[in-house]
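As stored in target-v7.cif (mmCIF, C-alpha atoms):
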```
data_query
loop_
_atom_site.label_atom_id
_atom_site.label_comp_id
_atom_site.auth_asym_id
_atom_site.auth_seq_id
_atom_site.Cartn_x
_atom_site.Cartn_y
_atom_site.Cartn_z
CA MET A 1315 15.78 -8.53 -10.43
CA LEU A 1316 12.29 -8.16 -11.86
CA ILE A 1317 11.35 -4.59 -12.66
CA ASP A 1318 7.79 -3.33 -13.17
CA GLU A 1319 7.63 0.27 -14.36
CA GLY A 1320 10.72 1.32 -12.45
CA LEU A 1321 9.74 -0.65 -9.35
CA GLU A 1322 11.64 -3.75 -8.25
CA ILE A 1323 9.24 -6.62 -7.61
CA LEU A 1324 9.94 -8.21 -4.23
CA ASP A 1325 9.60 -11.93 -3.72
CA GLU A 1326 7.36 -13.32 -1.00
CA ASP A 1327 10.19 -14.05 1.43
CA GLU A 1328 11.43 -10.47 1.21
CA CYS A 1329 7.86 -9.15 1.64
CA LEU A 1330 7.33 -11.21 4.77
CA ARG A 1331 10.71 -10.09 6.11
CA LEU A 1332 9.83 -6.40 5.61
CA LEU A 1333 6.25 -6.64 6.88
CA PRO A 1334 6.97 -6.58 10.64
CA THR A 1335 9.66 -3.89 10.42
CA VAL A 1336 7.17 -1.02 10.68
CA PRO A 1337 4.66 -0.46 13.50
CA LEU A 1338 1.75 0.85 11.45
CA GLY A 1339 -0.19 -0.62 8.54
CA ARG A 1340 -3.33 0.32 6.64
CA VAL A 1341 -6.34 -1.89 6.13
CA ALA A 1342 -8.62 -1.37 3.13
CA LEU A 1343 -12.09 -2.84 2.86
CA SER A 1344 -15.54 -1.91 1.64
CA ILE A 1345 -18.15 -0.49 3.99
CA GLY A 1346 -21.55 -0.06 2.42
CA ALA A 1347 -20.04 -0.49 -1.07
CA LEU A 1348 -17.58 2.35 -0.49
CA PRO A 1349 -13.85 1.76 -0.14
CA CYS A 1350 -12.39 2.63 3.23
CA ILE A 1351 -8.84 2.76 4.59
CA PHE A 1352 -7.86 2.92 8.21
CA PRO A 1353 -4.46 2.85 9.87
CA VAL A 1354 -3.76 0.25 12.56
CA ASN A 1355 -0.84 -0.69 14.75
CA PHE A 1356 -0.35 -4.38 14.32
CA ALA A 1357 1.70 -7.44 15.14
CA PHE A 1358 2.84 -10.15 12.75
CA ILE A 1359 2.96 -13.41 14.66
CA ASP A 1360 3.25 -16.94 13.29
CA GLY A 1361 2.52 -15.64 9.81
CA VAL A 1362 -0.68 -13.85 10.81
CA ILE A 1363 -1.37 -10.10 10.97
CA VAL A 1364 -3.16 -9.17 14.21
CA PHE A 1365 -4.62 -5.86 15.36
CA ARG A 1366 -7.24 -4.57 17.77
CA THR A 1367 -10.43 -2.67 17.12
CA GLY A 1368 -13.01 -1.01 19.28
CA SER A 1369 -16.57 -2.20 19.44
CA GLY A 1370 -17.73 0.17 16.66
CA THR A 1371 -20.27 -2.12 15.11
CA LYS A 1372 -19.91 -0.79 11.56
CA LEU A 1373 -16.22 -1.49 11.35
CA ARG A 1374 -16.39 -4.77 13.24
CA ALA A 1375 -19.23 -6.09 11.13
CA ALA A 1376 -17.52 -5.00 7.94
CA LEU A 1377 -14.23 -6.58 8.95
CA ASP A 1378 -15.48 -9.96 10.00
CA HIS A 1379 -14.83 -12.49 7.25
CA ALA A 1380 -14.33 -9.75 4.68
CA VAL A 1381 -11.57 -9.93 2.12
CA VAL A 1382 -9.31 -7.03 2.97
CA ALA A 1383 -6.04 -5.55 1.78
CA PHE A 1384 -3.34 -4.76 4.31
CA GLU A 1385 -0.46 -2.54 3.31
CA VAL A 1386 2.76 -1.40 4.96
CA ASP A 1387 5.39 0.88 3.51
CA ALA A 1388 8.47 2.88 4.36
CA VAL A 1389 9.38 5.80 2.16
CA ASP A 1390 12.10 8.37 2.51
CA PRO A 1391 10.54 11.73 1.55
CA ILE A 1392 13.96 13.25 0.84
CA TYR A 1393 15.67 10.60 -1.28
CA HIS A 1394 12.40 9.12 -2.57
CA ASN A 1395 13.52 5.60 -1.84
CA GLY A 1396 11.33 3.04 -0.21
CA TRP A 1397 9.22 -0.06 -0.43
CA SER A 1398 5.67 -1.21 0.07
CA VAL A 1399 4.22 -4.62 0.82
CA GLN A 1400 0.65 -5.65 0.35
CA VAL A 1401 -1.27 -8.60 1.69
CA VAL A 1402 -4.75 -9.72 0.71
CA GLY A 1403 -6.66 -12.09 2.95
CA VAL A 1404 -9.80 -12.78 4.92
CA ALA A 1405 -10.16 -10.79 8.14
CA GLU A 1406 -11.58 -12.65 11.07
CA GLU A 1407 -12.43 -11.52 14.56
CA PHE A 1408 -11.30 -13.73 17.38
CA ALA A 1409 -11.46 -13.69 21.13
CA ASP A 1410 -8.59 -12.67 23.37
CA GLY A 1411 -7.35 -15.89 24.93
CA GLU A 1412 -8.61 -18.10 22.11
CA THR A 1413 -5.10 -19.26 21.44
CA ASP A 1414 -1.97 -19.26 23.55
CA TRP A 1415 -0.25 -16.60 21.54
CA THR A 1416 -2.96 -13.96 21.99
CA ARG A 1417 -1.59 -13.44 25.49
CA ARG A 1418 1.70 -12.22 24.09
CA ILE A 1419 0.41 -10.14 21.19
CA PRO A 1420 2.23 -6.80 21.38
CA VAL A 1421 -0.63 -4.69 20.07
CA ALA A 1422 -1.51 -2.44 22.99
CA PRO A 1423 -4.01 0.12 21.69
CA TRP A 1424 -2.50 3.52 20.90
CA ALA A 1425 -5.73 5.48 21.30
CA PRO A 1426 -7.51 5.74 24.65
CA GLY A 1427 -10.73 3.83 25.17
CA PRO A 1428 -11.45 0.12 25.09
CA ARG A 1429 -10.19 -1.88 22.09
CA THR A 1430 -10.95 -5.36 23.22
CA HIS A 1431 -11.58 -7.01 19.88
CA PHE A 1432 -8.83 -8.78 18.00
CA VAL A 1433 -8.82 -9.16 14.24
CA ARG A 1434 -6.45 -11.43 12.33
CA ILE A 1435 -5.63 -11.61 8.65
CA HIS A 1436 -4.16 -14.76 7.14
CA PRO A 1437 -2.13 -13.64 4.10
CA GLU A 1438 -3.43 -15.29 0.93
CA PHE A 1439 -1.65 -13.10 -1.60
CA VAL A 1440 1.55 -11.22 -0.79
CA SER A 1441 3.23 -8.74 -3.09
CA GLY A 1442 5.72 -5.95 -2.76
CA ARG A 1443 7.59 -3.30 -4.67
CA ARG A 1444 10.73 -1.32 -4.02
CA ILE A 1445 11.69 1.88 -5.75
CA ALA A 1446 14.68 0.79 -7.79
CA ARG A 1447 17.07 3.68 -8.27
CA ASP A 1448 20.56 3.87 -9.64
CA ASP A 1449 22.01 5.28 -6.46
CA ASP A 1450 22.31 3.01 -3.47
CA ARG A 1451 20.34 4.86 -0.84
CA THR A 1452 17.68 2.19 -0.49
CA LEU A 1453 15.80 2.76 2.74
CA ALA A 1454 16.75 0.37 5.53
CA PRO A 1455 16.05 -2.33 6.44
CA MET B 596 -14.80 18.09 20.69
CA LEU B 597 -16.52 14.99 19.33
CA ILE B 598 -14.95 11.75 20.48
CA ASP B 599 -15.47 8.37 18.81
CA GLU B 600 -13.91 5.48 20.74
CA GLY B 601 -11.03 7.57 22.03
CA LEU B 602 -10.49 9.29 18.69
CA GLU B 603 -11.28 12.97 18.19
CA ILE B 604 -13.44 13.45 15.10
CA LEU B 605 -11.96 16.17 12.89
CA ASP B 606 -14.22 18.55 11.00
CA GLU B 607 -13.89 18.93 7.24
CA ASP B 608 -11.92 22.18 7.40
CA GLU B 609 -9.33 20.59 9.66
CA CYS B 610 -9.15 17.51 7.42
CA LEU B 611 -8.52 19.63 4.34
CA ARG B 612 -5.90 21.64 6.23
CA LEU B 613 -4.03 18.47 7.27
CA LEU B 614 -4.33 16.68 3.90
CA PRO B 615 -1.50 18.48 2.06
CA THR B 616 0.90 18.45 5.02
CA VAL B 617 2.31 15.01 4.17
CA PRO B 618 3.92 13.97 0.87
CA LEU B 619 2.57 10.44 0.62
CA GLY B 620 -0.97 9.05 0.60
CA ARG B 621 -2.53 5.66 -0.03
CA VAL B 622 -5.21 4.88 -2.58
CA ALA B 623 -7.58 1.95 -2.08
CA LEU B 624 -9.71 0.47 -4.81
CA SER B 625 -10.91 -2.87 -6.09
CA ILE B 626 -9.06 -4.69 -8.86
CA GLY B 627 -10.83 -7.80 -10.04
CA ALA B 628 -13.09 -7.78 -6.96
CA LEU B 629 -10.08 -7.78 -4.61
CA PRO B 630 -9.19 -4.77 -2.49
CA CYS B 631 -5.88 -3.13 -3.29
CA ILE B 632 -3.86 -0.36 -1.65
CA PHE B 633 -0.99 1.50 -3.21
CA PRO B 634 1.08 4.41 -1.95
CA VAL B 635 1.36 7.55 -4.09
CA ASN B 636 3.09 10.88 -3.78
CA PHE B 637 0.45 13.47 -4.50
CA ALA B 638 -0.45 17.12 -4.70
CA PHE B 639 -3.59 18.79 -3.38
CA ILE B 640 -4.43 21.68 -5.66
CA ASP B 641 -7.64 23.68 -5.85
CA GLY B 642 -9.38 21.09 -3.71
CA VAL B 643 -8.40 18.15 -5.91
CA ILE B 644 -5.97 15.30 -5.15
CA VAL B 645 -3.62 14.67 -8.07
CA PHE B 646 -1.03 11.95 -8.62
CA ARG B 647 0.75 10.23 -11.49
CA THR B 648 0.67 6.63 -12.61
CA GLY B 649 2.54 4.58 -15.15
CA SER B 650 0.86 3.05 -18.12
CA GLY B 651 0.19 -0.26 -16.30
CA THR B 652 -3.11 -1.06 -17.89
CA LYS B 653 -4.58 -2.95 -14.96
CA LEU B 654 -4.15 -0.11 -12.54
CA ARG B 655 -5.06 2.60 -14.99
CA ALA B 656 -8.21 0.82 -16.12
CA ALA B 657 -9.22 0.09 -12.54
CA LEU B 658 -8.63 3.68 -11.47
CA ASP B 659 -10.51 5.42 -14.20
CA HIS B 660 -13.93 6.52 -12.92
CA ALA B 661 -13.69 4.14 -9.98
CA VAL B 662 -14.82 5.19 -6.54
CA VAL B 663 -11.65 5.11 -4.47
CA ALA B 664 -10.56 5.91 -0.96
CA PHE B 665 -7.53 8.11 -0.40
CA GLU B 666 -5.92 8.23 3.00
CA VAL B 667 -3.13 10.25 4.60
CA ASP B 668 -1.86 9.99 8.12
CA ALA B 669 0.93 11.06 10.44
CA VAL B 670 1.63 8.98 13.50
CA ASP B 671 4.36 9.26 16.09
CA PRO B 672 5.50 5.69 16.83
CA ILE B 673 7.00 6.74 20.17
CA TYR B 674 4.23 8.85 21.72
CA HIS B 675 1.44 7.16 19.76
CA ASN B 676 -0.12 10.45 18.80
CA GLY B 677 -1.30 11.22 15.33
CA TRP B 678 -4.11 11.77 12.92
CA SER B 679 -5.55 10.32 9.75
CA VAL B 680 -7.71 11.84 7.06
CA GLN B 681 -9.72 9.92 4.53
CA VAL B 682 -11.33 11.05 1.30
CA VAL B 683 -13.72 9.11 -0.88
CA GLY B 684 -14.30 10.19 -4.45
CA VAL B 685 -14.29 9.24 -8.10
CA ALA B 686 -10.85 8.85 -9.65
CA GLU B 687 -10.47 10.19 -13.15
CA GLU B 688 -7.56 10.13 -15.53
CA PHE B 689 -6.80 13.35 -17.31
CA ALA B 690 -4.25 14.60 -19.77
CA ASP B 691 -1.24 16.67 -18.82
CA GLY B 692 -1.98 20.15 -20.10
CA GLU B 693 -5.74 19.73 -19.98
CA THR B 694 -5.98 22.57 -17.51
CA ASP B 695 -3.68 25.45 -16.69
CA TRP B 696 -2.79 24.11 -13.29
CA THR B 697 -1.47 20.76 -14.52
CA ARG B 698 1.66 22.61 -15.60
CA ARG B 699 2.45 23.51 -12.02
CA ILE B 700 1.53 20.21 -10.35
CA PRO B 701 4.41 19.30 -8.03
CA VAL B 702 4.11 15.56 -8.44
CA ALA B 703 7.36 14.54 -10.07
CA PRO B 704 7.47 10.74 -10.05
CA TRP B 705 9.62 9.25 -7.29
CA ALA B 706 10.31 5.97 -9.06
CA PRO B 707 12.29 5.81 -12.31
CA GLY B 708 10.46 5.09 -15.55
CA PRO B 709 7.72 7.00 -17.31
CA ARG B 710 4.69 8.06 -15.28
CA THR B 711 2.92 10.24 -17.75
CA HIS B 712 -0.66 9.68 -16.68
CA PHE B 713 -2.36 12.00 -14.23
CA VAL B 714 -5.20 10.90 -11.99
CA ARG B 715 -7.36 13.26 -9.98
CA ILE B 716 -9.79 12.60 -7.16
CA HIS B 717 -12.50 15.09 -6.32
CA PRO B 718 -13.27 14.62 -2.62
CA GLU B 719 -16.92 13.70 -2.11
CA PHE B 720 -16.69 12.55 1.49
CA VAL B 721 -14.00 13.77 3.86
CA SER B 722 -13.44 12.45 7.36
CA GLY B 723 -10.64 12.41 9.87
CA ARG B 724 -9.65 11.25 13.32
CA ARG B 725 -7.00 12.30 15.77
CA ILE B 726 -5.78 10.22 18.67
CA ALA B 727 -7.08 12.21 21.62
CA ARG B 728 -4.80 11.78 24.61
CA ASP B 729 -4.64 13.52 27.95
CA ASP B 730 -1.10 14.69 27.44
CA ASP B 731 -0.43 17.45 24.96
CA ARG B 732 2.03 15.84 22.57
CA THR B 733 -0.27 15.95 19.59
CA LEU B 734 1.78 15.51 16.46
CA ALA B 735 2.35 18.69 14.49
CA PRO B 736 0.98 20.32 12.49
#
```
Would you put the structure from the file into structure tokens?
Amino acid sequence: MLIDEGLEILDEDECLRLLPTVPLGRVALSIGALPCIFPVNFAFIDGVIVFRTGSGTKLRAALDHAVVAFEVDAVDPIYHNGWSVQVVGVAEEFADGETDWTRRIPVAPWAPGPRTHFVRIHPEFVSGRRIARDDDRTLAP
Amino acid sequence: MLIDEGLEILDEDECLRLLPTVPLGRVALSIGALPCIFPVNFAFIDGVIVFRTGSGTKLRAALDHAVVAFEVDAVDPIYHNGWSVQVVGVAEEFADGETDWTRRIPVAPWAPGPRTHFVRIHPEFVSGRRIARDDDRTLAP
């Protein structure tokens, strides 16, 4: 087990196994030279992260073909166990119906209002950490 | 109530009220021109976000005097209600004991191993959104 400052380094297979086990991730990108994070509900299908956005031009323009970071985590606030997985890749807008699998993407928008734009991220770099403690209360899964 | 694509826009007072109600936030910054997100347990004291880091030189160097985004959220995965608050500011490393209040900062490290470096973020821009739904199951607080 590789340890980095008290954190177990997860291999890529384990990262990709953990990634779809939570419903919400966070996307980080730059908008107007300032860093920006926003939470999204997402799906992980055929190795690609997919989420919806509204037509807000600032976000859409910033997302399209930008290199973004996508992060998911699960942390137990009581026992302080948990893990986080991070993906870096190019975000790309695509049309609903462009491929067969868009029809079965389980990313119904949580907020009201139209969110008709799909964004996908192909993972280029995947990394993850788990809090490695002596006790064995590692957060499932 | 201001609405932006189905999301209620929170005013700064409400954002700053919500910010310390969760134990974990995410910091986004660029490391070597690539965006990066990492989760941190933090404290919000006297209007400043404070967290600890290890001595990992890459992260510490990248954080010091970088403009970063800091995000907290609380989302109910069943009812799909929730909110998120985002802060942008300059991150700055400081020494434990530099000010009186560092002695009472409740940011004990969750992971094992030394995390003796403190980082603070002075919020320059604060923004927040809440999922605005017709039903009244808005996530507390």
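Considering the residues B:Ala690, B:Ile626, B:Val663, B:Val635 and counting only C-alpha atoms, chain A has its shortest atom-to-atom contact with B:Val663.
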message = Which residues, named as in the file, does the PyMOL selection byres ((chain B and resi 676-688) around 8) pick out? Answer as a ChimeraX atom specification.
response = /A:1348-1353,1424-1425 /B:610,613-614,655,658-672,674-675,689-690,712-728,732-734
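One finds atom CA of Ala1357 of chain A at 17.3 Å from atom CA of Glu1328 of chain A.
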key: Expected selection from the PyMOL selection byres ((chain B and resi 619) around 6), given as a ChimeraX atom specification   = /B:617-618,620,635-636
message = For a quick check of understanding, using all atoms listed in the file, which of B:Phe637, B:Ser625, B:Val645, B:Arg612 has the smallest distance to chain A?
response =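 Using all atoms listed in the file, the shortest distance to chain A belongs to B:Ser625.
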task = One decimal, Å: what's the distance from atom CA of Ala1342 of chain A over to atom CA of Ala623 of chain B, could you say?
result =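 The value is 6.3 Å.
Here atom CA of Glu607 of chain B and atom CA of Asp641 of chain B stand 15.3 Å from one another.
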